[in-house]
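**Student:** Okay, here's the structure, questions in a sec.
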Amino acid sequence: MGAGKSSVGRALGERLGWAFEDLDARIELRERRRVSEIFRDSGEAGFRRAEHAALKELLRELREGAEKVVALGGGAFAQQENIDLIEAGQAVTVFLDADVAELWRRCRQQAAQQGMERPLLGSRHTFRALYAARRPYYLKALFRQDTVDKTVDEIVAALAEALRLSPSGEKRGETN
């Protein structure tokens, strides 16, 4: 939470000419409820089931040739069944990293600005514990990008370079 997945993902998708999709938005469409309502009504376990089903569907689309940049929710990559799906699909993964205090600040600011509820935001102590528990999973991503003191454009440029992607979405140096 707060790493910039949506902002960076959207901008990277625009740069590459690919669609951008937030997995949480897909879940909300499939479930016809907001994430906060799913957590409230079905608990985290219910949300994780819906998340897994949506991820499975999305990865199938990618295997069939869809070109998308996807933002996974903060807990999606920390669920072993999701990691197994992602690895089997050979999806390229990126961990947008920042200091936990900075992530906390961003989340609080975003929640206040948008008047949105973050079900797992909780207290600063709970947030730190959640980050500490998830970080080992995040570090399994193929690429790690620090986001502190960087603009979205700087992060996107660094990712495009690290992933060796050109605006057309082709690997650099390859021709058709």
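Residue names in the structure tokens use chain letters A, B, ... in the order shown, residue numbers from 1 in each chain, and ligand numbers from 1 in the order shown.
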Run DSSP on the backbone of this structure and report the residues of chain A it assigns to strand (DSSP E), as an MDAnalysis selection string.
**Tutor:** chainID A and resid 19:22 68:71 94:97 143:146
**Student:** When you look at stretch 10-25 of chain A with a cut-off of 8 Å (counting only C-alpha atoms), what residues show up, excluding the ones that are within fewer than 3 positions of it in the same chain? I need them as a list of chain:residue names.
**Tutor:**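 The residues that qualify are A:Ser6, A:Ser7, A:Glu28, A:Leu29, A:Val35, A:Glu51, A:Ala54, A:Leu55, A:Glu67, A:Lys68, A:Val69, A:Val70, A:Ala71, A:Leu72, A:Gly73, A:Val152, A:Asp153, A:Val156, A:Ala160, A:Leu165, A:Ser166, A:Pro167, A:Ser168, A:Gly169.
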**Student:** Using only C-alpha atoms, can you tell me which of A:Ala78, A:Ala101, A:Ala132, A:Ile27 comes closest to A:Ala53?
**Tutor:**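 Once distances to A:Ala53 are computed over only C-alpha atoms, the minimum belongs to A:Ile27.
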**Student:** May I have the residues within 12 Å of stretch 135-143 of chain A as a ChimeraX atom specification, using only C-alpha atoms and disregarding those fewer than 5 positions away in the same chain?
**Tutor:** /A:1,3,72-80,82-84,86-87,90-100,127-130,158-164
**Student:** Between A:Glu44, A:Gly2, A:Ser36, A:Arg49, which one has atoms that come closest to A:Cys107, using only C-alpha atoms?
**Tutor:**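 Looking only at the distances to A:Cys107, the closest residue turns out to be A:Gly2.
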**Student:** Report the distance between atom CA of A:Leu62 and atom CA of A:Gly46 in Å, rounded to one decimal place.
**Tutor:** 24.7 Å
**Student:** Atom CA of A:Arg48 to atom CA of A:Tyr131: how many Å, to one decimal?
**Tutor:** 17.4 Å
**Student:** Using only C-alpha atoms for the distances, tell me which of A:Leu59, A:Val8, A:Ala66, A:Leu85 is nearest to A:Lys150.
**Tutor:**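 So, comparing all the options, the nearest one is A:Val8.
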**Student:** To one decimal in Å, tell me the separation between atom CA of A:Thr126 and atom CA of A:Arg32.
**Tutor:**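 Distance reported for this atom pair: 28.6 Å.
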**Student:** Where does DSSP see helix (DSSP H, G or I) in stretch 85-176 of chain A, if you list the residues as a PyMOL selection string?
**Tutor:** chain A and resi 85-88+100-114+124-138+152-162
